[in-house]
2 protein chains.
Amino acid sequence: VLGETISALLDECKSDLASVVGVGLATPGPLSLREGRIIHAANLPGWRDVPIREALANPLGLPVVLENDGNAAAFGEHVAGAGLGCQHLVVLTLGTGVGAGVIVDGRILHGHFDNAAELGHMIVVVDGLPCPCGQRGCLERYSSADAIVRRSLGTAAVRERGRNVSPPLVGGAQAGAIPQTAAEVADGAEKGDTLCAQVWDDACKYLAVACVNIQHAFNPQRILLAGGLSLAGDMLLDPVQRHLHAQAWKLHTDLPEIALAKLGSDAGVIGAAALAFRSLPSPA
Amino acid sequence: VLGETISALLDECKSDLASVVGVGLATPGPLSLREGRIIHAANLPGWRDVPIREALANPLGLPVVLENDGNAAAFGEHVAGAGLGCQHLVVLTLGTGVGAGVIVDGRILHGHFDNAAELGHMIVVVDGLPCPCGQRGCLERYSSADAIVRRSLGTAAVRERGRNVSPPLVGGAQAGAIPQTAAEVADGAEKGDTLCAQVWDDACKYLAVACVNIQHAFNPQRILLAGGLSLAGDMLLDPVQRHLHAQAWKLHTDLPEIALAKLGSDAGVIGAAALAFRSLPSPA
């Protein structure tokens, strides 16, 4: 099926395979990059233990580079987006979950197990909300678009009330319509709905805490906010900045810039293409 | 003074300056490695804005390599200690504070501002105990030797009781002697003192949470526990392991090994020496 899609794409571009020098593939992980294999794609049912690199490279007769989608998006922003010129860059993709990619000295950080930069699963609340990954209190339980909707529906908020440091969430949603998307929560917050405002502010606060921890871990020049949630623009950026200045240390001027990503959903594709291009042997 | 110390050391080794090829210097940070300058050494009063590399290199006529002490210790364990063979390694030095060093692809991670791997200041409790650095809820407020003593004295524990997820700390210290060192807290915990056991277990639990966050950030093969607290051996390692298995995700087999460091307080010196040696031009 991927092969057919590639053919259709080439037709659309009025191009053919002969003019393609390589293929970059960005997929959800975890992956084994050494073996070019998808170990288990959490959000793609049935994709388990798939040797995708060979499956694609053999019929095409082209080199194929496999990369985790969060890493590819970070690399895209690094080579052609809001991270251009940053040798140390972190990109947080705020969507259904929280994906991430880390650039260290201009290169993607993979780690020993090829699974670095899973920053959506950093624990921001010890013994906090349960995550399908098996942990509790993961960043993506508080600061993803999904989490914002779920928390604004109240159940999570009420359940958590007794053991969280936040002030108790007060009503407000009952008064208006129940928000179905993160954009509606942002909208509600802007219009003064107390519950929406609290959930939105919590999401921004935990994002800021994650940024502090990213600062101390990687010391990047810049942290980019990407994904659906970043469409909120200053409505996201301003409170994250405010919480960051309140939470971060005062010792040293190593605070990363926080900015919005530029490439939208093209970041992963651009990053994967750039990786494929860079992996080619340089012309003799 | 440093010059005199170097002379005395050379005398002691029955050596002289002619046989020395370079000097490695490990100091507390923050540093500017590019400029070879101590910006502000928090625990060395008066050391502020000191161009230490030139101050030492000029009179000695030798190349001097400056490195943050936590990074130098991590590099020492990487080249000659419990991290030998690990290209991706994190070392946590648990003493007065919590120092750290991160090895990525066999090299020290510095970040854009030369201040990466300040893992003792990762926030583990949002709005938690205040830290002299200006943040709240830093790892080193819970899991350093100092923090363990302070918390076991009860004030911090009582102050925090109302807003922490841990079960309330119950008495015990009143019954026995008040512990003055982390070793005494460990001892008390072993002998069944409830307060000591709770403080010790909390320290191990927050360390485990930090290890989960380190796993997701860097994906290292191994995390080493070093510093005074690591002298507790299995008394530290066992509960950290237990909490790590309880806190970490179940998705993927990328759990880092947790082990004790090997080189003790020599790690920084060995690491600095190795860095000085590696910085020399290779013989033609």
# chains A, B, ... in the order shown; residues from 1 in each chain; ligands from 1
$ interface_residues --of "chain B" --to "chain A" --cutoff "7 Å" --atoms "only C-alpha atoms" --output "PyMOL selection string"
chain B and resi 88+111-113+115-119+121-125+133-135+163+165+209+213+216-221+247-251+254
$ select_by_dssp --residues "stretch 21-196 of chain A" --states "alpha helix (DSSP H)" --output "PyMOL selection string"
chain A and resi 52-60+69-80+140-143+145-152+155-161+182-190+194-196
$ atom_distance --atom1 "atom CA of A:Val65" --atom2 "atom CA of A:Leu94"
24.6 Å
$ residues_around --residues "B:Val21" --least-positions-apart "5" --cutoff "9 Å" --atoms "only C-alpha atoms" --output "PyMOL selection string"
chain B and resi 62-63+276-277+280
$ write_last_selection --atoms "all heavy atoms" --output "CSV table (one decimal), in the first residue's frame"
chain,number,residue,atom,x,y,z
B,62,LEU,N,51.1,25.4,30.1
B,62,LEU,CA,50.5,24.1,29.7
B,62,LEU,C,49.1,24.3,29.3
B,62,LEU,O,48.4,25.2,29.8
B,62,LEU,CB,50.6,23.1,30.9
B,62,LEU,CG,51.9,22.5,31.3
B,62,LEU,CD1,51.8,21.8,32.6
B,62,LEU,CD2,52.4,21.6,30.2
B,63,PRO,N,48.5,23.4,28.5
B,63,PRO,CA,47.1,23.5,28.2
B,63,PRO,C,46.3,23.1,29.4
B,63,PRO,O,46.6,22.2,30.1
B,63,PRO,CB,46.9,22.5,27.0
B,63,PRO,CG,48.1,21.6,27.1
B,63,PRO,CD,49.2,22.4,27.7
B,276,ALA,N,41.8,16.3,29.8
B,276,ALA,CA,43.1,17.0,29.5
B,276,ALA,C,43.9,16.2,28.5
B,276,ALA,O,44.4,16.7,27.5
B,276,ALA,CB,43.9,17.3,30.7
B,277,PHE,N,44.0,14.9,28.7
B,277,PHE,CA,44.7,14.0,27.9
B,277,PHE,C,44.1,13.9,26.5
B,277,PHE,O,44.8,14.1,25.5
B,277,PHE,CB,44.8,12.6,28.5
B,277,PHE,CG,45.9,11.8,27.9
B,277,PHE,CD1,47.2,12.0,28.3
B,277,PHE,CD2,45.6,10.8,27.0
B,277,PHE,CE1,48.3,11.3,27.8
B,277,PHE,CE2,46.7,10.0,26.5
B,277,PHE,CZ,48.0,10.2,26.9
B,280,LEU,N,44.7,16.9,24.0
B,280,LEU,CA,46.0,17.2,23.3
B,280,LEU,C,45.9,16.8,21.9
B,280,LEU,O,45.2,15.9,21.5
B,280,LEU,CB,47.1,16.3,24.0
B,280,LEU,CG,47.3,16.6,25.5
B,280,LEU,CD1,48.3,15.5,26.1
B,280,LEU,CD2,47.8,18.0,25.7
$ closest_residue --among "A:Ala74, A:Ala182, A:Val90, A:Val98" --to "A:Gly264" --atoms "only C-alpha atoms"
A:Ala74
$ closest_residue --among "B:Ala73, B:Val185, B:Leu25, B:Pro59" --to "B:Leu263" --atoms "only C-alpha atoms"
B:Ala73
$ select_by_dssp --residues "stretch 31-215 of chain A" --states "strand (DSSP E or B)" --output "ChimeraX atom specification"
/A:31-32,37-40,48-50,64-68,89-94,98-104,107-108,123,130,136,138
$ closest_residue --among "B:Ala273, B:Ala208, B:Ala226, B:Leu153" --to "B:Gln241" --atoms "only C-alpha atoms"
B:Ala208
